[in-house]
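data-v7.txt follows (compact mmCIF, C-alpha atoms):
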# COMPACT_ATOMS: atom_id res chain seq x y z
CA MET Z 212 16.03 -95.01 -14.60
CA LEU Z 213 14.41 -93.53 -11.51
CA GLN Z 214 17.09 -93.44 -8.83
CA ALA Z 215 18.00 -90.64 -6.45
CA ARG Z 216 20.09 -90.52 -3.34
CA GLN Z 217 20.04 -88.30 -0.30
CA ALA Z 218 23.25 -86.31 -0.05
CA ASP Z 219 25.76 -87.58 2.47
CA ASN Z 220 25.61 -85.63 5.72
CA PRO Z 221 27.29 -85.65 9.11
CA GLY Z 222 25.88 -87.16 12.28
CA HIS Z 223 25.56 -90.74 10.99
CA GLN Z 224 22.29 -90.05 9.23
CA PRO Z 225 20.89 -93.00 7.27
CA SER Z 226 21.73 -93.30 3.58
CA LEU Z 227 18.40 -93.06 1.77
CA THR Z 228 17.56 -93.76 -1.86
CA VAL Z 229 14.33 -93.50 -3.83
CA HIS Z 230 13.34 -95.77 -6.70
CA LEU Z 231 10.45 -97.72 -8.16
CA ALA Z 232 10.04 -101.15 -6.58
CA ARG Z 233 12.05 -103.61 -8.67
CA SER Z 234 10.58 -106.85 -7.34
CA GLN Z 235 7.53 -108.28 -5.66
CA SER Z 236 9.52 -108.57 -2.46
CA GLU Z 237 10.07 -104.78 -2.44
CA VAL Z 238 6.37 -104.25 -3.07
CA ARG Z 239 5.64 -106.56 -0.14
CA GLU Z 240 7.93 -104.55 2.12
CA ALA Z 241 6.07 -101.39 1.14
CA GLN Z 242 2.78 -103.13 1.96
CA ARG Z 243 4.16 -104.13 5.38
CA LEU Z 244 5.08 -100.51 6.06
CA ARG Z 245 1.58 -99.44 5.01
CA TYR Z 246 0.09 -101.98 7.43
CA ARG Z 247 2.25 -100.68 10.27
CA VAL Z 248 1.16 -97.09 9.66
CA PHE Z 249 -2.47 -97.48 8.63
CA ALA Z 250 -3.56 -100.44 10.77
CA GLU Z 251 -1.30 -100.35 13.80
CA GLU Z 252 -1.01 -96.57 14.18
CA MET Z 253 -4.25 -95.32 12.68
CA GLY Z 254 -6.61 -98.23 13.34
CA ALA Z 255 -7.66 -98.91 9.76
CA ARG Z 256 -9.70 -102.06 9.13
CA LEU Z 257 -7.80 -103.95 6.45
CA PRO Z 258 -8.97 -107.20 4.82
CA THR Z 259 -5.36 -108.44 4.69
CA ALA Z 260 -4.64 -107.68 8.36
CA ALA Z 261 -4.05 -111.34 9.22
CA GLU Z 262 -1.08 -111.33 6.84
CA GLY Z 263 0.41 -108.16 8.33
CA ILE Z 264 0.19 -106.27 5.03
CA ASP Z 265 -2.00 -103.65 3.37
CA GLU Z 266 -2.90 -104.94 -0.08
CA ASP Z 267 -5.87 -104.35 -2.36
CA ARG Z 268 -6.84 -105.01 -5.97
CA PHE Z 269 -5.20 -101.78 -7.20
CA ASP Z 270 -1.68 -102.72 -6.10
CA ALA Z 271 -1.01 -105.02 -9.04
CA TYR Z 272 -1.73 -102.15 -11.47
CA CYS Z 273 0.42 -99.56 -9.68
CA ASP Z 274 4.04 -98.55 -9.70
CA HIS Z 275 5.36 -98.48 -6.15
CA LEU Z 276 7.70 -95.63 -5.31
CA ILE Z 277 9.82 -96.49 -2.29
CA VAL Z 278 12.50 -94.90 -0.15
CA ALA Z 279 14.96 -97.42 1.23
CA ASP Z 280 17.52 -97.14 4.02
CA GLU Z 281 20.61 -98.57 2.35
CA ASP Z 282 22.26 -99.27 5.70
CA THR Z 283 19.50 -101.68 6.77
CA GLY Z 284 17.70 -102.47 3.53
CA ASP Z 285 14.40 -101.39 5.09
CA VAL Z 286 11.65 -99.62 3.16
CA VAL Z 287 10.99 -96.45 5.16
CA GLY Z 288 8.63 -94.55 2.87
CA THR Z 289 6.28 -95.27 -0.01
CA TYR Z 290 3.76 -93.89 -2.48
CA ARG Z 291 1.86 -95.96 -4.97
CA VAL Z 292 1.26 -94.46 -8.40
CA LEU Z 293 -1.61 -95.43 -10.73
CA SER Z 294 -1.56 -94.13 -14.30
CA GLY Z 295 -4.68 -93.21 -16.22
CA ALA Z 296 -4.11 -96.12 -18.62
CA ASN Z 297 -3.86 -98.66 -15.81
CA ALA Z 298 -6.84 -97.11 -14.04
CA GLN Z 299 -8.85 -97.77 -17.19
CA ARG Z 300 -7.69 -101.40 -17.18
CA ILE Z 301 -8.91 -101.96 -13.62
CA GLY Z 302 -12.11 -99.97 -14.01
CA GLY Z 303 -11.20 -96.60 -12.52
CA PHE Z 304 -8.97 -94.75 -10.11
CA TYR Z 305 -8.97 -95.75 -6.45
CA SER Z 306 -10.43 -92.35 -5.55
CA GLU Z 307 -13.49 -93.06 -7.68
CA GLN Z 308 -14.69 -95.35 -4.90
CA GLU Z 309 -15.07 -92.20 -2.79
CA PHE Z 310 -15.76 -89.46 -5.35
CA ASP Z 311 -17.63 -88.82 -8.57
CA ILE Z 312 -14.85 -87.38 -10.74
CA THR Z 313 -16.84 -87.08 -13.97
CA ARG Z 314 -15.70 -83.49 -14.52
CA LEU Z 315 -12.08 -84.68 -14.75
CA HIS Z 316 -12.74 -87.03 -17.67
CA HIS Z 317 -10.83 -84.75 -20.05
CA ILE Z 318 -7.55 -85.10 -18.09
CA ARG Z 319 -7.67 -88.80 -17.17
CA ASP Z 320 -5.14 -89.92 -19.78
CA ARG Z 321 -2.67 -87.25 -18.67
CA ALA Z 322 -3.02 -87.89 -14.94
CA VAL Z 323 -1.52 -90.18 -12.35
CA GLU Z 324 -3.11 -90.95 -9.01
CA ILE Z 325 -0.92 -91.12 -5.93
CA GLY Z 326 -1.95 -92.74 -2.70
CA ARG Z 327 -1.05 -94.84 0.33
CA SER Z 328 1.58 -92.29 1.31
CA CYS Z 329 3.33 -93.30 4.51
CA VAL Z 330 6.66 -92.94 6.28
CA HIS Z 331 8.17 -95.13 8.98
CA PRO Z 332 7.82 -93.48 12.42
CA ASP Z 333 11.60 -93.44 12.88
CA HIS Z 334 12.11 -91.43 9.67
CA ARG Z 335 9.66 -88.54 9.89
CA SER Z 336 12.13 -85.69 9.73
CA GLY Z 337 11.07 -84.64 6.21
CA ALA Z 338 13.93 -86.23 4.28
CA VAL Z 339 11.85 -89.23 3.22
CA ILE Z 340 8.95 -87.13 1.93
CA ALA Z 341 11.40 -84.89 0.07
CA LEU Z 342 12.88 -87.94 -1.67
CA LEU Z 343 9.43 -89.34 -2.48
CA TRP Z 344 8.46 -86.05 -4.09
CA SER Z 345 11.66 -85.82 -6.09
CA GLY Z 346 11.10 -89.40 -7.26
CA LEU Z 347 7.54 -88.55 -8.23
CA ALA Z 348 8.76 -85.50 -10.17
CA THR Z 349 11.20 -87.71 -12.08
CA TYR Z 350 8.40 -90.16 -12.85
CA MET Z 351 6.08 -87.42 -14.08
CA LYS Z 352 8.73 -85.89 -16.33
CA ALA Z 353 9.87 -89.22 -17.76
CA GLN Z 354 6.33 -90.36 -18.59
CA GLY Z 355 5.01 -86.99 -19.76
CA TYR Z 356 2.11 -86.78 -17.30
CA GLU Z 357 0.59 -83.37 -16.57
CA TYR Z 358 -1.63 -83.87 -13.51
CA ILE Z 359 -1.39 -85.51 -10.11
CA ILE Z 360 -4.61 -86.52 -8.38
CA GLY Z 361 -5.35 -88.36 -5.17
CA CYS Z 362 -7.00 -88.38 -1.77
CA ALA Z 363 -5.43 -86.66 1.24
CA SER Z 364 -6.68 -87.94 4.56
CA MET Z 365 -7.64 -86.25 7.82
CA SER Z 366 -8.16 -88.18 11.05
CA MET Z 367 -11.66 -88.96 12.29
CA LEU Z 368 -10.58 -90.03 15.78
CA ASP Z 369 -12.45 -87.00 17.19
CA GLY Z 370 -15.62 -87.87 15.29
CA GLY Z 371 -14.76 -85.63 12.36
CA VAL Z 372 -14.82 -82.26 14.14
CA GLY Z 373 -11.21 -81.44 13.30
CA ALA Z 374 -11.57 -82.53 9.70
CA ALA Z 375 -14.72 -80.44 9.25
CA ASN Z 376 -13.07 -77.35 10.68
CA ALA Z 377 -9.94 -77.84 8.61
CA TYR Z 378 -12.09 -78.04 5.49
CA ARG Z 379 -13.97 -74.87 6.46
CA ARG Z 380 -10.62 -73.06 6.44
CA LEU Z 381 -9.51 -74.61 3.16
CA ARG Z 382 -12.66 -73.91 1.17
CA GLU Z 383 -12.24 -70.18 1.69
CA SER Z 384 -9.15 -69.99 -0.50
CA CYS Z 385 -8.08 -73.38 -1.87
CA LEU Z 386 -11.03 -74.74 -3.86
CA SER Z 387 -10.50 -75.62 -7.50
CA PRO Z 388 -12.29 -73.92 -10.39
CA ALA Z 389 -15.75 -75.37 -10.98
CA GLU Z 390 -14.61 -77.42 -13.98
CA TYR Z 391 -12.37 -79.49 -11.67
CA ARG Z 392 -14.94 -80.05 -8.93
CA VAL Z 393 -15.62 -83.58 -7.65
CA PHE Z 394 -18.43 -84.87 -5.44
CA PRO Z 395 -18.14 -87.25 -2.44
CA ARG Z 396 -20.19 -90.43 -2.52
CA TYR Z 397 -20.33 -90.48 1.31
CA PRO Z 398 -20.01 -86.82 2.33
CA LEU Z 399 -18.64 -85.79 5.70
CA PRO Z 400 -21.53 -83.84 7.31
CA VAL Z 401 -19.49 -80.67 7.68
CA ALA Z 402 -22.46 -78.42 8.50
CA GLU Z 403 -23.52 -80.67 11.37
CA LEU Z 404 -20.15 -80.85 13.11
CA GLU Z 405 -19.01 -78.44 15.81
CA GLN Z 406 -17.15 -75.33 14.72
CA THR Z 407 -13.89 -74.46 16.45
CA THR Z 408 -11.07 -72.06 15.69
CA THR Z 409 -8.09 -74.18 16.79
CA THR Z 410 -7.99 -76.91 14.15
CA LYS Z 411 -4.79 -77.21 12.12
CA VAL Z 412 -4.68 -78.38 8.52
CA PRO Z 413 -2.59 -81.60 8.36
CA PRO Z 414 1.03 -80.96 7.29
CA LEU Z 415 0.87 -83.11 4.15
CA ILE Z 416 -2.18 -81.23 2.88
CA GLN Z 417 -0.45 -77.93 3.65
CA ALA Z 418 2.54 -79.12 1.63
CA TYR Z 419 0.37 -80.04 -1.36
CA LEU Z 420 -1.25 -76.62 -1.26
CA ARG Z 421 2.08 -74.79 -1.04
CA VAL Z 422 3.24 -76.59 -4.17
CA GLY Z 423 0.11 -75.48 -6.04
CA ALA Z 424 -2.57 -78.14 -5.54
CA TYR Z 425 -6.31 -77.52 -5.43
CA VAL Z 426 -8.90 -78.98 -3.07
CA CYS Z 427 -11.60 -80.16 -5.47
CA GLY Z 428 -14.65 -80.19 -3.22
CA ASP Z 429 -16.22 -81.42 0.00
CA PRO Z 430 -14.55 -84.24 1.98
CA ALA Z 431 -15.67 -87.85 1.81
CA TRP Z 432 -15.86 -90.23 4.76
CA ASP Z 433 -13.80 -93.41 4.44
CA PRO Z 434 -15.17 -95.84 7.07
CA ASP Z 435 -12.46 -98.48 6.58
CA PHE Z 436 -9.61 -96.08 7.30
CA ASN Z 437 -11.76 -93.87 9.60
CA THR Z 438 -10.64 -90.75 7.78
CA ALA Z 439 -12.16 -87.76 6.03
CA ASP Z 440 -10.60 -87.58 2.58
CA LEU Z 441 -10.08 -84.54 0.39
CA PHE Z 442 -9.66 -84.95 -3.36
CA MET Z 443 -6.54 -83.05 -4.42
CA LEU Z 444 -5.49 -82.01 -7.92
CA LEU Z 445 -2.06 -80.70 -8.84
CA PRO Z 446 -1.56 -79.52 -12.43
CA MET Z 447 2.18 -79.57 -13.01
CA SER Z 448 1.82 -76.19 -14.70
CA ARG Z 449 0.78 -74.76 -11.32
CA VAL Z 450 3.81 -75.95 -9.34
CA ASP Z 451 4.77 -72.82 -7.42
CA SER Z 452 8.11 -71.42 -8.54
CA ARG Z 453 9.22 -71.10 -4.90
CA TYR Z 454 8.95 -74.87 -4.48
CA ALA Z 455 9.62 -76.10 -8.01
CA LYS Z 456 13.37 -76.31 -7.38
CA HIS Z 457 12.81 -78.67 -4.47
CA PHE Z 458 9.99 -80.63 -6.10
CA MET Z 459 11.91 -81.16 -9.34
CA ARG Z 460 15.35 -81.44 -7.76
CA HIS Z 461 16.23 -84.80 -9.29
CA ALA Z 462 13.84 -84.72 -12.26
CA GLY Z 463 16.66 -84.29 -14.74
CA SER Z 464 18.89 -87.01 -13.35

As a first step, turn the structure in this file into structure tokens.
Amino acid sequence: MLQARQADNPGHQPSLTVHLARSQSEVREAQRLRYRVFAEEMGARLPTAAEGIDEDRFDAYCDHLIVADEDTGDVVGTYRVLSGANAQRIGGFYSEQEFDITRLHHIRDRAVEIGRSCVHPDHRSGAVIALLWSGLATYMKAQGYEYIIGCASMSMLDGGVGAANAYRRLRESCLSPAEYRVFPRYPLPVAELEQTTTTKVPPLIQAYLRVGAYVCGDPAWDPDFNTADLFMLLPMSRVDSRYAKHFMRHAGS
């Protein structure tokens, strides 16, 4: 059973646990958190906005990894996880709406796609993400999956200049081997956007790269979420030994 708990600590910190959603009501709470982050904070255009949730056709085929504050019962962090088998049932991975991933056909059955990562604004100290990653590690080990794939987003609020410059930095050292390369259906026009030297790579993308992930090609533009998305691939065999202890902390529990 996937269940992990943040160690007790002084200072009246919240008691956090990570587990797979056990009911539709927990899934709904995760969708409400997603709405708060993606629509209210980031301005995404969501078809379910009138209901105050973020829901799409993939949700019913996903496992929903959640971090809950046991003191309040609130869902404060979430990832959704789509297996290769369930992706086949629904007609493909979510990321295939944005990228041609034909070159990854040989790993589809051994991969899971993660997405819709978000954390409540009151819980962005890093503890929630650490628990989500340890829960994901447990899931991967228990199910025998070997690859994590998914889109990592960069803001387009500046018209894409920051995203383009971040990608220019990343492609110098973080691109995947050619056999793992994917191709955006709606490419961000990187060459046409202003070059600067001050752009920072978003922290979540930096974290993926530190663990051992690849960037698998040029960014795609997602007009609904107004983001530039990078396709990321993490072979579990590449998890950097310096971070494996943290990433796999609860994988044996």

With distances taken over only C-alpha atoms, which residue among Z:Tyr358, Z:Tyr378, Z:Phe269, Z:Phe436 lies nearest Z:Gln417? Z:Tyr378

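For Z:Arg327, the list of residues within 8 Å, based on all atoms listed in the file and with local chain neighbours fewer than 2 positions off taken out, reads Arg245, Thr289, Tyr290, Arg291, Ile325 and Cys329 of chain Z.
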
In Å and to one decimal, atom CA of Z:Asp270 is distant from atom CA of Z:Gly371 by 28.4 Å

Which distance in Å separates atom CA of Z:Ala375 and atom CA of Z:Val401, to one decimal? 5.0 Å

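Each of Z:Ile318, Z:Pro395, Z:Arg268, Z:Gly337 was compared to Z:Gly302 using all atoms listed in the file, and Z:Arg268 turns out to be the nearest.
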
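Minimum atom-to-atom distances from Z:Ser306, Z:Gln354, Z:Thr407, Z:Gln299 to Z:Met443 were compared using all atoms listed in the file, and the lowest value belongs to Z:Ser306.
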
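Nearest to Z:Phe394 of all the residues Z:Met367, Z:Val450, Z:Ile312, Z:Ala338 is Z:Ile312, based on all atoms listed in the file.
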
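For the pair atom CA of Z:Glu383 and atom CA of Z:Thr313, the separation is 23.5 Å.
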